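Read through the structure below, which is laid out as structure tokens, and then see the notes.
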Amino acid sequence: MRASRLALAIAVLPGLSLASEPYVAEPLVITSGRMPEPQAQATAATTVFERDDIERLQVSSVAELLQRVPGLSVVRSGGTGSQTGVFLRGTSTAQTLVLVDGQRIAAASSGTSSLEFLAPEQIERIEVVRGARSALYGSDAIGGVIQIFTRKGEQGLAPYVRLAAGSDSTYQRSLGLSGGDERTRFHLGAALDETAGIDATRDGFGANGDDDAYRNRSLSLSLSHRFDDSLQIGFNLLDQRGQVEYDDVFSGSLPTTDYLLSSASGFIDAQLSDSWSSRLELGHSEDKRDSGNDQPGGSVSQFNTYRDAANWLNTLTLTENQQLLLGLDWYEDRAQGTTDFVEDSRWNRAAFIQHRYSGENFSTEIGLRHDDNQQFGDENTWNAALTLPLGNANDLILSYSEGFRAPTFNDLYYPDFCFGSMCFPSANPELTPERSRSYELQWRSRYSDTGSLQASVYRTEIEDAIVLDENFIPQNVQTARINGFEAAVQQELFGWQGNLALALIDPRDRDSGHTLQRRAKRTLTLDIDRRFGDVSIGAGWRALSGRYDDAENQIRMSGYGLLSLRAAWQATQELGLSLKLDNLLDRDYAEATYSRPNGRFGYNSAGRTALLAVTWTPQI
């Protein structure tokens with residue numbers, strides 16, 4: 001059985017691309033091993049959301065979707081468009097790698113990715129790999145990898161138009177056209193999302209009592225052409241731009257940020273022989289932030305990241321049950337803006353190799369990667385996994401993986417802060433990468449025709465984590481230990497489809513014994529859905545335990561639970577209606593806090609909201 005699964009992945013590889021057609025009849029995943037493979041064969045714990053899931057759950061943001069991943073919690077400082085932090089398996093936001101069609105999108109200055117600006121209407125699929133994957137991807141993949149695939153074309157012509165309106169003067173408009181034939185596929189989509197938003201702060205200081213609006217214009221384009229069975233080329237583009245208002249908790253002005261987040265990539269897939277397939281990718285991504293306020297001579301700041309990248313992947317079929325992946329990666333980051341960094345560019349180049357063996361009694365995976373960085377030099381990481389099948393329905397997977405995160409431009413190159421003739425350092429050019437080691441035991445069970453279970457127990461140890469010292473200078477001083485358990489259950493019962501995700505984590509600073517800040521120790525999400533002919537209904541429940549909003553564990557935030565309801569009606573073959581009610585119980589909660597001289601306050605989150613949408617898919 002194991003050999004046949006591997007043979008299937010090898011057989012379909014030439015016809016698949018990382019950004020063109022990532023699925024066949026048996027569900028395939030790409031991110032775990034940087035190649036298409038059956039999800040049951042991927043050694044890393046992986047959660048997948050398809051386009052059907054995005055539409056069924058009626059999500060309005062990527063964060064809404066990611067909250068359903070076991071062991072992943074999201075923290076937002078306010079309403080729509082506010083900064084979104086992702087804590088995957090207890091690691092920090094900057095310790096999770098985010099890709100769009102294979103391209104890194106994190107800002108070089110801060111190291112964080114602007115997930116809050118990604119429109120779900122432009123997304124075909126999201127894969128979340130839980131656990132370190134630096135042996136395949138290099139820097140930032142300590143907690144895992146989130147890869148977002150933009151929408152792709154299908155055979156024929158399929159136009160669509162979607163209009164939605166809801167609470168807080170929220171309006172969503174999108175339209176697109178996908179199509180193609182057996183050789184050429186394309187998709188073109190555009191969307192405009194607007195909302196008056198909510199007041200993100202609670203203190204009413206200065207102008208902070210106003211609502212914080214958000215506007216997002218997005219465009220996606222994909223095009224692929226297959227010349228024959230051995231050669232395919234393609235191109236993908238995603239462009240998001242707009243403006244977000246936020247509250248200034250210091251001066252009480254009315255600040256705004258104009259942003260642009262874009263990713264463009266091209267690829268060539270070639271089957272060079274019966275046993276050798278090769279893929280070449282070239283990409284460019286940008287993250288731009290231009291912030292100012294309404295005061296005369298108000299502060300203006302610009303932080304722009306420009307990144308060029310090239311990747312070459314080669315898959316060699318050694319025998320019927322052995323496979324070798326060889327790859328070369330290169331990218332260069334450039335930081336520009338109003339801040340004059342001491343260094344404003346750096347490159348990274350890497351080579352990696354991964355071997356897989358698939359047998360009847362056991363399967364193995366072992367990989368090694370070497371990174372050479374212009375600033376911090378060399379870094380080696382490796383991973384290994386052993387899969388033991390227990391009958392036809394159960395697997396045990398034991399794995400070890402390493403990760404690292406390179407210091408950001410802010411950490412290394414931020415200019416000194418000067419007050420008169422006195423200057424104080426703000427960066428530390430002597431920083432070294434953060435490093436991690438992870439040990440994991442997974443159990444996967446297909447216990448019935450309508451049910452499946454994935455459970456993991458893991459331990460992650462992080463060394464040389466970068467934190468600010470008493471002088472606000474970054475230092476490699478923190479060590480952390482994260483123990484965790486997570487489980488995901490899918491079950492159909494009496495016509496209802498249920499999806500449950502549970503996580504228990506204990507993330508600790510090993511020196512102080514404190515819980516790492518903003519990490520919820522317990523998270524649970526439950527979604528249930530059922531279809532009655534042309535009508536479908538569903539509900540979702542999300543619960544998080546209390547957590548600390550500071551490293552010293554003095555500021556404790558309460559846990560909360562949120563209930564949502566959704567319904568959809570396919571009125572005709574071409575016309576569909578949907579309705580979503582979020583935070584049905586109107587729970588007052590906060591995901592983060594901020595300080596004012598008169599106290600500490602939690603950022604506001606949206607109360608009960610409703611969104612009604614109409615989708616028209618004319619038949620051509």
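The chains in the structure tokens are called A, B, ... from first to last as shown; in each chain the residues are counted from 1, and the ligands are counted from 1 in the order shown.
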Once DSSP has gone over the backbone, tell me which residues of range 329-550 of chain A are in strand (DSSP E), as a PyMOL selection string. chain A and resi 329-337+345-358+363-373+377-390+394-405+417-419+422-424+434-448+451-468+474-493+496-509+522-532+535-544+547-548
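The residues of range 61-288 of chain A that DSSP classifies as alpha helix (DSSP H), using the backbone of this structure, are Val62, Ala63, Glu64, Leu65, Leu66, Ser134, Ala135, Leu136 and Tyr137 of chain A.
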Out of A:Phe303, A:Asp509, A:Ala141, A:Leu175, which residue has the shortest atom-to-atom distance to Pro618 in chain A when counting only C-alpha atoms? A:Leu175
Near-Trp382 in chain A list (8 Å; only C-alpha atoms; drop same-chain fewer than 6 positions) as a PyMOL selection string: chain A and resi 134-135+366-369+401-402
Take the residues from that selection and put them in a file with all heavy atoms, as a PDB file, in the first residue's frame.
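This is the output file selection-v3.pdb:
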```pdb
ATOM      1  N   SER A 134      12.434  23.814   8.537  1.00  0.00           N
ATOM      2  CA  SER A 134      13.587  24.561   8.019  1.00  0.00           C
ATOM      3  C   SER A 134      14.490  23.706   7.149  1.00  0.00           C
ATOM      4  O   SER A 134      15.233  24.236   6.322  1.00  0.00           O
ATOM      5  CB  SER A 134      14.393  25.162   9.172  1.00  0.00           C
ATOM      6  OG  SER A 134      13.715  26.246   9.762  1.00  0.00           O
ATOM      7  N   ALA A 135      14.464  22.381   7.316  1.00  0.00           N
ATOM      8  CA  ALA A 135      15.285  21.511   6.475  1.00  0.00           C
ATOM      9  C   ALA A 135      14.851  21.575   5.016  1.00  0.00           C
ATOM     10  O   ALA A 135      15.613  21.186   4.120  1.00  0.00           O
ATOM     11  CB  ALA A 135      15.222  20.073   6.980  1.00  0.00           C
ATOM     12  N   ILE A 366      14.313  11.476   5.424  1.00  0.00           N
ATOM     13  CA  ILE A 366      15.435  12.176   6.039  1.00  0.00           C
ATOM     14  C   ILE A 366      15.911  13.267   5.096  1.00  0.00           C
ATOM     15  O   ILE A 366      16.011  13.050   3.880  1.00  0.00           O
ATOM     16  CB  ILE A 366      16.589  11.201   6.397  1.00  0.00           C
ATOM     17  CG1 ILE A 366      17.680  11.952   7.161  1.00  0.00           C
ATOM     18  CG2 ILE A 366      17.119  10.481   5.169  1.00  0.00           C
ATOM     19  CD1 ILE A 366      18.677  11.045   7.814  1.00  0.00           C
ATOM     20  N   GLY A 367      16.130  14.461   5.642  1.00  0.00           N
ATOM     21  CA  GLY A 367      16.508  15.596   4.802  1.00  0.00           C
ATOM     22  C   GLY A 367      17.536  16.475   5.491  1.00  0.00           C
ATOM     23  O   GLY A 367      17.635  16.526   6.724  1.00  0.00           O
ATOM     24  N   LEU A 368      18.300  17.193   4.684  1.00  0.00           N
ATOM     25  CA  LEU A 368      19.350  18.087   5.170  1.00  0.00           C
ATOM     26  C   LEU A 368      19.381  19.320   4.290  1.00  0.00           C
ATOM     27  O   LEU A 368      19.246  19.234   3.067  1.00  0.00           O
ATOM     28  CB  LEU A 368      20.711  17.388   5.133  1.00  0.00           C
ATOM     29  CG  LEU A 368      21.949  18.232   5.477  1.00  0.00           C
ATOM     30  CD1 LEU A 368      21.909  18.651   6.939  1.00  0.00           C
ATOM     31  CD2 LEU A 368      23.224  17.459   5.161  1.00  0.00           C
ATOM     32  N   ARG A 369      19.570  20.493   4.920  1.00  0.00           N
ATOM     33  CA  ARG A 369      19.642  21.750   4.190  1.00  0.00           C
ATOM     34  C   ARG A 369      20.801  22.585   4.732  1.00  0.00           C
ATOM     35  O   ARG A 369      21.047  22.622   5.949  1.00  0.00           O
ATOM     36  CB  ARG A 369      18.329  22.530   4.326  1.00  0.00           C
ATOM     37  CG  ARG A 369      18.340  23.900   3.638  1.00  0.00           C
ATOM     38  CD  ARG A 369      17.012  24.594   3.793  1.00  0.00           C
ATOM     39  NE  ARG A 369      17.059  25.978   3.353  1.00  0.00           N
ATOM     40  CZ  ARG A 369      16.380  26.471   2.324  1.00  0.00           C
ATOM     41  NH1 ARG A 369      15.589  25.676   1.623  1.00  0.00           N
ATOM     42  NH2 ARG A 369      16.467  27.748   1.994  1.00  0.00           N
ATOM     43  N   SER A 401      12.741  17.317  13.963  1.00  0.00           N
ATOM     44  CA  SER A 401      12.943  18.394  12.988  1.00  0.00           C
ATOM     45  C   SER A 401      13.623  19.571  13.651  1.00  0.00           C
ATOM     46  O   SER A 401      13.442  19.821  14.843  1.00  0.00           O
ATOM     47  CB  SER A 401      11.611  18.832  12.360  1.00  0.00           C
ATOM     48  OG  SER A 401      10.690  19.237  13.359  1.00  0.00           O
ATOM     49  N   GLU A 402      14.391  20.293  12.862  1.00  0.00           N
ATOM     50  CA  GLU A 402      15.089  21.471  13.339  1.00  0.00           C
ATOM     51  C   GLU A 402      14.579  22.705  12.605  1.00  0.00           C
ATOM     52  O   GLU A 402      14.098  22.620  11.463  1.00  0.00           O
ATOM     53  CB  GLU A 402      16.599  21.335  13.129  1.00  0.00           C
ATOM     54  CG  GLU A 402      17.215  20.212  13.943  1.00  0.00           C
ATOM     55  CD  GLU A 402      18.712  20.090  13.734  1.00  0.00           C
ATOM     56  OE1 GLU A 402      19.230  20.658  12.749  1.00  0.00           O
ATOM     57  OE2 GLU A 402      19.366  19.417  14.561  1.00  0.00           O
TER      58      GLU A 402
END
```
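Proximity of A:Tyr447, A:Tyr259, A:Tyr589, A:Trp541 to Phe117 in chain A, computed with only C-alpha atoms, is greatest for A:Tyr259.
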List as a count of residues only the protein and nucleic acid residues near range 458-466 of chain A, meaning an atom at most 10 Å away when only C-alpha atoms are counted, but skip any in the same chain fewer than 3 places from it. 51
Each range 81-200 of chain A residue no farther than 8 Å from range 236-240 of chain A, nearest pair in Å, only C-alpha atoms, as a tab-separated table:
```
residue	atom	partner	partner_atom	distance
A:Asp101	CA	A:Asn236	CA	7.4
A:Phe117	CA	A:Gln240	CA	6.7
A:Leu118	CA	A:Gln240	CA	6.9
A:Ala119	CA	A:Gln240	CA	7.8
A:Gln122	CA	A:Leu238	CA	7.9
A:Thr150	CA	A:Leu238	CA	7.4
```
Counting only C-alpha atoms, what are the residues of range 29-147 of chain A within 7 Å of range 280-296 of chain A, and for each of them which pair of atoms is the nearest and at what distance in Å, to one decimal? Sort the table by chain and rising number, as JSON lines.
```
{"residue": "A:Gln103", "atom": "CA", "partner": "A:Gly283", "partner_atom": "CA", "distance": 6.5}
{"residue": "A:Ile105", "atom": "CA", "partner": "A:Ser285", "partner_atom": "CA", "distance": 6.2}
{"residue": "A:Ala107", "atom": "CA", "partner": "A:Asp287", "partner_atom": "CA", "distance": 6.0}
```
Determine the nearest neighbour of Leu468 in chain A from the options A:Pro255, A:Gly197, A:Pro425, A:Gly498, counting only C-alpha atoms. A:Pro425
Straight-line distance linking CA of Tyr603 in chain A with CA of Ser564 in chain A, stated in Å to one decimal: 21.0 Å
Find the residues near Ala200 in chain A: any atom within 10 Å, counting only C-alpha atoms, skip ones fewer than 6 places away on the same chain, and give them as a VMD selection string. chain A and resid 77 to 80 82 208 to 212 245 to 247 602 to 606
Written file, previous selection with N, CA, C and O atoms, as a tab-separated table (two decimals), in the first residue's frame:
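Generated output (out-v4.tsv):
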```tsv
chain	number	residue	atom	x	y	z
A	77	SER	N	-5.05	43.29	17.12
A	77	SER	CA	-5.11	44.50	17.94
A	77	SER	C	-6.18	45.42	17.41
A	77	SER	O	-5.91	46.47	16.84
A	78	GLY	N	-7.44	45.00	17.55
A	78	GLY	CA	-8.55	45.82	17.09
A	78	GLY	C	-9.40	45.10	16.06
A	78	GLY	O	-9.45	43.87	16.02
A	79	GLY	N	-10.07	45.88	15.21
A	79	GLY	CA	-11.04	45.32	14.27
A	79	GLY	C	-10.43	44.91	12.94
A	79	GLY	O	-9.25	44.57	12.83
A	80	THR	N	-11.25	45.00	11.89
A	80	THR	CA	-10.86	44.57	10.56
A	80	THR	C	-9.64	45.34	10.08
A	80	THR	O	-9.55	46.55	10.20
A	82	SER	N	-6.66	45.23	11.31
A	82	SER	CA	-5.65	45.48	12.33
A	82	SER	C	-4.57	44.41	12.26
A	82	SER	O	-4.75	43.34	11.68
A	208	ASN	N	-9.52	59.03	19.69
A	208	ASN	CA	-9.63	57.57	19.66
A	208	ASN	C	-11.05	57.05	19.73
A	208	ASN	O	-11.26	55.84	19.72
A	209	GLY	N	-12.03	57.91	19.85
A	209	GLY	CA	-13.40	57.44	19.94
A	209	GLY	C	-14.05	57.15	18.61
A	209	GLY	O	-15.20	56.72	18.56
A	210	ASP	N	-13.32	57.35	17.50
A	210	ASP	CA	-13.92	57.15	16.18
A	210	ASP	C	-13.79	55.70	15.75
A	210	ASP	O	-12.97	54.94	16.26
A	211	ASP	N	-14.62	55.31	14.79
A	211	ASP	CA	-14.49	53.98	14.18
A	211	ASP	C	-13.27	53.96	13.26
A	211	ASP	O	-12.89	54.99	12.69
A	212	ASP	N	-12.70	52.79	13.10
A	212	ASP	CA	-11.48	52.63	12.29
A	212	ASP	C	-11.82	51.87	11.02
A	212	ASP	O	-12.03	50.64	11.05
A	245	GLU	N	-7.40	52.47	8.90
A	245	GLU	CA	-7.32	53.47	9.96
A	245	GLU	C	-7.06	52.75	11.28
A	245	GLU	O	-7.51	51.62	11.50
A	246	TYR	N	-6.34	53.42	12.17
A	246	TYR	CA	-6.10	52.84	13.49
A	246	TYR	C	-6.01	53.96	14.51
A	246	TYR	O	-5.88	55.13	14.16
A	247	ASP	N	-6.09	53.60	15.80
A	247	ASP	CA	-6.04	54.59	16.87
A	247	ASP	C	-4.62	54.78	17.35
A	247	ASP	O	-3.87	53.82	17.52
A	602	GLY	N	-7.99	46.69	27.06
A	602	GLY	CA	-8.02	45.70	26.00
A	602	GLY	C	-8.56	46.30	24.73
A	602	GLY	O	-9.52	47.08	24.74
A	603	TYR	N	-7.93	45.96	23.59
A	603	TYR	CA	-8.46	46.41	22.31
A	603	TYR	C	-9.87	45.85	22.11
A	603	TYR	O	-10.16	44.71	22.48
A	604	ASN	N	-10.73	46.66	21.52
A	604	ASN	CA	-12.09	46.21	21.22
A	604	ASN	C	-12.08	45.16	20.12
A	604	ASN	O	-11.25	45.20	19.21
A	605	SER	N	-13.00	44.25	20.19
A	605	SER	CA	-13.28	43.31	19.11
A	605	SER	C	-14.74	43.46	18.72
A	605	SER	O	-15.56	43.96	19.50
A	606	ALA	N	-15.07	43.04	17.53
A	606	ALA	CA	-16.43	43.22	17.02
A	606	ALA	C	-17.43	42.45	17.86
A	606	ALA	O	-17.17	41.33	18.31
```
Using only C-alpha atoms, the residue out of A:Lys152, A:Arg519, A:Arg346, A:Lys580 with shortest distance to Ala551 in chain A is A:Arg519
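Considering only C-alpha atoms, the residue among A:Cys418, A:Ala455, A:Ala520, A:Leu192 positioned nearest to Leu219 in chain A is A:Leu192.
Going from CA of Arg522 in chain A over to CA of Asn553 in chain A, you cover 16.7 Å.
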Taking 2 positions as the minimum chain separation for residues in the same chain, which residues sit within 7 Å of Glu552 in chain A when counting only C-alpha atoms? Answer as a list in words. His514, Asp550 and Gln554 of chain A
